[in-house]
Amino acid sequence: MRTAWGLTALGALTESPAHLFATPADTDEPNRVGNPRWFAHAWRRAVIDMHISDWDERFLSQFNADEYVQRLVTSRAQSIVCYAHSHVGLFNYPTKVGQQHRGLKGRDIVAEMIERCHQRNIAVVLYASLIFDRWASDQHADWRMVNAAGKPLNNPRGRHGLVCPNSPYREYVRAWVREICERFEFEGLRFDMTFWPGVCYCEHCRKRWAEEIGDEMPMTVNWLDQRWVAFARKREEWLGDFAAVGTRTVKELKPAATVEHQSSTYPRSWSLGASWPLLAQNDFLQGDFYGDALQGSFVRKLLEDLTPQRLR
């Protein structure tokens with residue numbers, strides 16, 4: 001079961017969600033649509049993963065936005081994470097920047113979902129995948145992450161490819177984030193997978209290291225080696241800088257919209273590169289955690305202490 005410990009759990013520590021258990025006749029729902037602090041009023045949040053390939057054009061061809069949103073209403077959802085783009089790298093609307101899912105045949109199901117959710121006072125957070133992008137990886141071999149031996153980190157049969165945030169992929173991201181912001185009205189944008197899935201030694205990383213530090217990138221994990229420590233810190237810095245490409249583009253075009261980057265990586269390995277530079281690119285923190293109640297207790301404390309916008 002997928003458990004998303006985020007500001008829903010955090011908010012429970014600071015405000016009373018009594019309206020969750022009331023019937024519609026018992027309370028006047030706060031307006032979440034267009035509200036820059038929608039998250040302070042959305043306690044029941046829905047996320048349904050939609051990382052759907054299009055090798056069979058029947059996939060998504062029968063998507064029913066009316067039925068989908070009616071199920072949200074029945075479950076009393078107050079916000080929805082709506083997929084605009086996924087790990088497979090395809091868009092669920094007719095994009096001019098990348099590739100639309102073939103099963104949609106030009107249909108804009110993102111717009112359909114936003115319209116129907118807003119009619120029912122359900123806040124919409126659009127979902128987009130960073131770094132994990134099958135289509136971009138397949139189209140641009142020079143964007144792929146590679147290990148110290150020069151071998152791609154991609155799984156050629158997996159649903160996602162791995163592209164480097166130091167490559168020209170950055171400008172591709174900037175372009176489609178701009179497109180999404182100019183095309184849709186939404187309350188927030190959730191960027192997923194903003195972390196290093198491996199230590200990348202591609203030509204773009206090597207070039208940036210040479211320009212900023214000089215010499216060759218270190219390849220041996222040695223925390224007593226100042227160059228290795230500098231490399232680890234650079235990876236954190238580079239990740240935050242890449243996250244800023246998405247965050248700043250959203251804030252430029254949709255200043256009232258919230259921005260989230262996947263936050264489940266903060267308590268994990270150094271190799272993921274998630275640290276303070278990434279934290280600064282979030283309005284609040286959320287993440288996918290799959291552990292027990294003890295983990296949940298830890299996560300709620302972690303996210304409450306680190307989240308930039310608190311429910312106070």
# chains A, B, ... in the order shown; residues from 1 in each chain; ligands from 1
$ closest_atom_pairs --of "region 182-265 of chain A" --to "region 280-293 of chain A" --cutoff "10 Å" --atoms "only C-alpha atoms" --output "Markdown table"
| residue | atom | partner | partner_atom | distance |
| --- | --- | --- | --- | --- |
| A:Gly188 | CA | A:Asp283 | CA | 9.7 |
| A:Arg190 | CA | A:Gln286 | CA | 9.4 |
| A:Phe191 | CA | A:Asn282 | CA | 9.7 |
| A:Asp192 | CA | A:Gly287 | CA | 9.0 |
| A:Met193 | CA | A:Gly287 | CA | 10.0 |
| A:Gly240 | CA | A:Gln281 | CA | 7.1 |
| A:Asp241 | CA | A:Gln281 | CA | 8.9 |
| A:Phe242 | CA | A:Gln281 | CA | 9.7 |
| A:Ala243 | CA | A:Gln281 | CA | 6.4 |
| A:Ala244 | CA | A:Gln281 | CA | 6.0 |
| A:Val245 | CA | A:Gln281 | CA | 9.4 |
| A:Gly246 | CA | A:Gln281 | CA | 8.7 |
| A:Thr247 | CA | A:Gln281 | CA | 6.1 |
| A:Arg248 | CA | A:Gln281 | CA | 8.3 |
| A:Ala257 | CA | A:Asp283 | CA | 9.3 |
| A:Thr258 | CA | A:Asp283 | CA | 5.9 |
| A:Val259 | CA | A:Asp283 | CA | 5.5 |
| A:Glu260 | CA | A:Asn282 | CA | 4.9 |
| A:His261 | CA | A:Asn282 | CA | 6.2 |
| A:Gln262 | CA | A:Gly287 | CA | 5.4 |
| A:Ser263 | CA | A:Gly287 | CA | 4.7 |
| A:Ser264 | CA | A:Gly287 | CA | 4.4 |
| A:Thr265 | CA | A:Gly287 | CA | 8.0 |
$ residues_around --residues "Glu115 (chain A)" --least-positions-apart "3" --cutoff "12 Å" --atoms "only C-alpha atoms" --output "number ranges by chain"
A: 33, 65-66, 69, 82, 108-112, 118-124, 184-186
$ atom_distance --atom1 "CA of Ile114 (chain A)" --atom2 "CA of Gly161 (chain A)"
28.4 Å
$ residues_around --residues "region 231-236 of chain A" --least-positions-apart "2" --cutoff "12 Å" --atoms "only C-alpha atoms" --output "JSON, numbers by chain"
{"A": [164, 165, 166, 194, 195, 196, 197, 198, 199, 200, 201, 205, 206, 208, 209, 210, 212, 213, 214, 215, 216, 217, 218, 219, 220, 221, 222, 223, 225, 226, 227, 228, 229, 238, 239, 240, 241, 242, 243, 266, 269, 270, 271, 272, 273, 274, 275, 276, 277, 278, 279, 280]}
$ atom_distance --atom1 "CA of Glu171 (chain A)" --atom2 "CA of His140 (chain A)"
12.9 Å
$ atom_distance --atom1 "CA of Trp55 (chain A)" --atom2 "CA of Leu153 (chain A)"
22.5 Å
$ residues_around --residues "region 167-170 of chain A" --least-positions-apart "3" --cutoff "6 Å" --atoms "only C-alpha atoms" --output "number ranges by chain"
A: 143, 164, 173, 204
